[in-house]
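Data block for query01.csv (CSV, C-alpha atoms):
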chain,number,residue,atom,x,y,z
A,1,MET,CA,106.1,145.1,78.5
A,2,VAL,CA,109.5,145.4,76.9
A,3,SER,CA,112.3,146.9,78.9
A,4,PRO,CA,115.4,147.6,76.8
A,5,GLU,CA,118.6,148.1,78.7
A,6,LEU,CA,121.4,150.5,77.9
A,7,LEU,CA,124.8,150.7,79.6
A,8,VAL,CA,127.1,153.7,78.9
A,9,PHE,CA,130.6,154.0,80.2
A,10,ILE,CA,132.9,157.0,79.9
A,11,ALA,CA,136.6,156.1,80.1
A,12,SER,CA,138.0,159.6,79.6
A,13,ASN,CA,138.7,162.1,82.4
A,14,ASN,CA,136.2,164.6,80.9
A,15,ILE,CA,132.6,165.2,81.7
A,16,GLU,CA,130.7,163.9,78.6
A,17,GLU,CA,127.2,164.5,77.3
A,18,VAL,CA,125.6,161.5,75.5
A,19,GLU,CA,122.6,162.1,73.2
A,20,LEU,CA,120.0,159.4,73.2
A,21,ILE,CA,118.4,158.9,69.8
A,22,LEU,CA,115.2,157.1,70.6
A,23,PRO,CA,113.2,155.2,68.1
A,24,ARG,CA,110.3,157.1,66.6
A,25,ILE,CA,106.8,155.9,66.7
A,26,ASN,CA,105.8,156.2,63.1
A,27,PHE,CA,102.1,155.9,62.6
A,28,GLU,CA,99.1,158.1,61.9
A,29,SER,CA,98.6,159.6,65.4
A,30,ILE,CA,95.1,159.7,66.8
A,31,SER,CA,95.9,160.9,70.3
A,32,SER,CA,98.9,161.7,72.5
A,33,ARG,CA,98.8,162.4,76.2
A,34,SER,CA,101.0,162.4,79.3
A,35,LEU,CA,100.4,160.3,82.4
A,36,THR,CA,102.1,160.8,85.8
A,37,ILE,CA,102.2,157.7,87.9
A,38,GLY,CA,104.2,156.4,90.9
A,39,ASN,CA,107.9,155.5,90.5
A,40,CYS,CA,108.4,152.9,87.7
A,41,ASN,CA,112.1,152.1,87.2
A,42,ASN,CA,112.9,155.7,88.3
A,43,PHE,CA,110.4,157.2,85.8
A,44,ASN,CA,107.3,159.1,86.9
A,45,GLU,CA,106.1,160.7,83.7
A,46,PHE,CA,105.0,158.7,80.7
A,47,GLU,CA,103.7,159.4,77.2
A,48,ILE,CA,100.9,157.5,75.7
A,49,LYS,CA,100.5,157.6,71.9
A,50,THR,CA,97.7,156.0,70.1
A,51,GLY,CA,97.5,155.6,66.3
A,52,ILE,CA,96.6,153.5,63.3
A,53,VAL,CA,98.7,151.5,61.0
A,54,PRO,CA,97.4,150.4,57.6
A,55,MET,CA,97.3,146.6,56.9
A,56,PRO,CA,99.7,145.7,54.1
A,57,GLU,CA,97.8,145.0,50.9
A,58,GLU,CA,94.4,145.5,52.6
A,59,THR,CA,92.9,148.9,51.8
A,60,SER,CA,90.0,148.7,54.1
A,61,ASN,CA,91.6,147.4,57.4
A,62,VAL,CA,93.9,149.0,60.0
A,63,ILE,CA,95.4,148.1,63.3
A,64,VAL,CA,95.2,150.4,66.3
A,65,LEU,CA,98.3,150.7,68.4
A,66,ALA,CA,98.8,152.2,71.8
A,67,VAL,CA,102.4,152.7,73.0
A,68,ILE,CA,103.4,153.9,76.5
A,69,LYS,CA,106.9,155.0,77.2
A,70,PRO,CA,108.6,157.2,79.7
A,71,LYS,CA,109.5,160.8,79.0
A,72,ILE,CA,113.2,161.0,79.3
A,73,SER,CA,115.8,163.7,78.5
A,74,ARG,CA,117.6,163.2,75.2
A,75,ILE,CA,120.9,164.3,76.8
A,76,ILE,CA,122.6,162.4,79.6
A,77,GLN,CA,125.6,164.0,81.3
A,78,LEU,CA,128.2,161.6,82.6
A,79,LYS,CA,131.0,162.4,85.0
A,80,ASN,CA,134.6,161.3,84.2
A,81,ARG,CA,135.1,157.6,84.5
A,82,ALA,CA,131.5,156.9,85.3
A,83,SER,CA,128.8,154.7,83.9
A,84,VAL,CA,125.0,154.8,83.8
A,85,LYS,CA,122.6,152.0,83.2
A,86,LEU,CA,119.1,152.9,81.8
A,87,ASP,CA,116.3,150.4,82.0
A,88,ILE,CA,113.5,151.9,79.8
A,89,PRO,CA,110.1,150.2,80.2
A,90,ILE,CA,107.9,150.3,77.0
A,91,ALA,CA,104.5,148.7,76.6
A,92,VAL,CA,102.6,148.2,73.3
A,93,HIS,CA,99.0,147.2,72.9
A,94,CYS,CA,97.6,146.4,69.4
A,95,SER,CA,94.2,145.6,68.1
A,96,LYS,CA,93.1,142.9,65.7
A,97,PRO,CA,92.6,144.2,62.2
A,98,ILE,CA,89.5,146.4,62.0
A,99,ASN,CA,87.7,148.3,59.3
A,100,LYS,CA,88.7,152.0,58.8
A,101,ASP,CA,85.2,153.1,60.1
A,102,LYS,CA,85.8,156.1,62.4
A,103,GLN,CA,83.3,154.9,65.1
A,104,GLN,CA,84.9,151.5,65.2
A,105,ILE,CA,88.4,153.0,65.4
A,106,SER,CA,87.3,155.4,68.2
A,107,ALA,CA,85.9,152.5,70.2
A,108,VAL,CA,89.1,150.4,69.9
A,109,VAL,CA,91.3,153.5,70.8
A,110,GLU,CA,89.2,154.1,73.9
A,111,GLU,CA,89.6,150.4,74.9
A,112,ALA,CA,93.4,150.4,74.2
A,113,GLU,CA,93.9,153.5,76.3
A,114,GLN,CA,92.0,151.9,79.2
A,115,ASN,CA,94.3,148.8,79.1
Written form, structure tokens:
Amino acid sequence: MVSPELLVFIASNNIEEVELILPRINFESISSRSLTIGNCNNFNEFEIKTGIVPMPEETSNVIVLAVIKPKISRIIQLKNRASVKLDIPIAVHCSKPINKDKQQISAVVEEAEQN
């Protein structure tokens, strides 16, 4: 699991809104669902995206990826002279290269979502 950390400090006397621009998950999506679990670094709701990424220079093989990340607001409001520290847990699971066969992809997606 990767857990990037972000520290934002507002030095002005104004209330500021900070917009988070989160990295996009850019692959052919197979499934997307939400998962609610107990408290994990102050996050309760997560998003699981599963998709396929083509192998470079290999037309018949793909890699199946499953990414779980918390659902967070894109806008954070900070009070004057305040700071906020975000610790955002992200987990990625990827398969070995597999053939584009739909049944094989479905089996690997199911396995990835169970892990």
Distance of CA of Ser12 (chain A) from CA of Val84 (chain A), expressed in Å to one decimal place
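Between CA of Val84 (chain A) and CA of Ser12 (chain A) the gap works out to 14.5 Å.
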With all atoms listed in the file as the atoms that count, which of A:Arg74, A:Arg81, A:Lys102, A:His93 lies nearest to Lys49 (chain A)?
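When distances to Lys49 (chain A) are compared using all atoms listed in the file, the smallest one comes from A:His93.
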Taking (122.8, 163.2, 77.8) in the file's coordinates as the center, which residues reach within 8 Å of it, counting all atoms listed in the file, put as an NGL selection string?
:A and (16-20 or 73-78)
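Once region 52-56 of chain A and its same-chain neighbours fewer than 6 positions away are set aside, Phe27, Glu28, Ser29, Ile30, Val62, Ile63, Val64, Leu65 and Pro97 of chain A remain within 8 Å of it when counting all atoms listed in the file.
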Place a sphere of radius 8 Å on (100.4, 160.8, 85.1) in the file coordinates and name every protein, DNA or RNA residue with an atom inside or on its surface, counting all atoms listed in the file; give the answer as a compact mmCIF listing (two decimals) with C-alpha atoms, in the frame of the given file.
# COMPACT_ATOMS: atom_id res chain seq x y z
CA SER A 34 101.00 162.40 79.30
CA LEU A 35 100.40 160.30 82.40
CA THR A 36 102.10 160.80 85.80
CA ILE A 37 102.20 157.70 87.90
CA ASN A 44 107.30 159.10 86.90
CA GLU A 45 106.10 160.70 83.70
CA PHE A 46 105.00 158.70 80.70
Between CA of Ile88 (chain A) and CA of Ala11 (chain A), measure the distance and give it in Å to one decimal.
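Rounded to one decimal, the two atoms are 23.5 Å apart.
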Selected residue of minimal separation from Ala66 (chain A) among A:Val92, A:Ile15, A:Ile105, A:Asn99, counting all atoms listed in the file:
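Looking at the shortest contact to Ala66 (chain A), the residue is A:Val92.
Distance-wise, CA of Ile72 (chain A) and CA of Ala91 (chain A) end up 15.3 Å apart.
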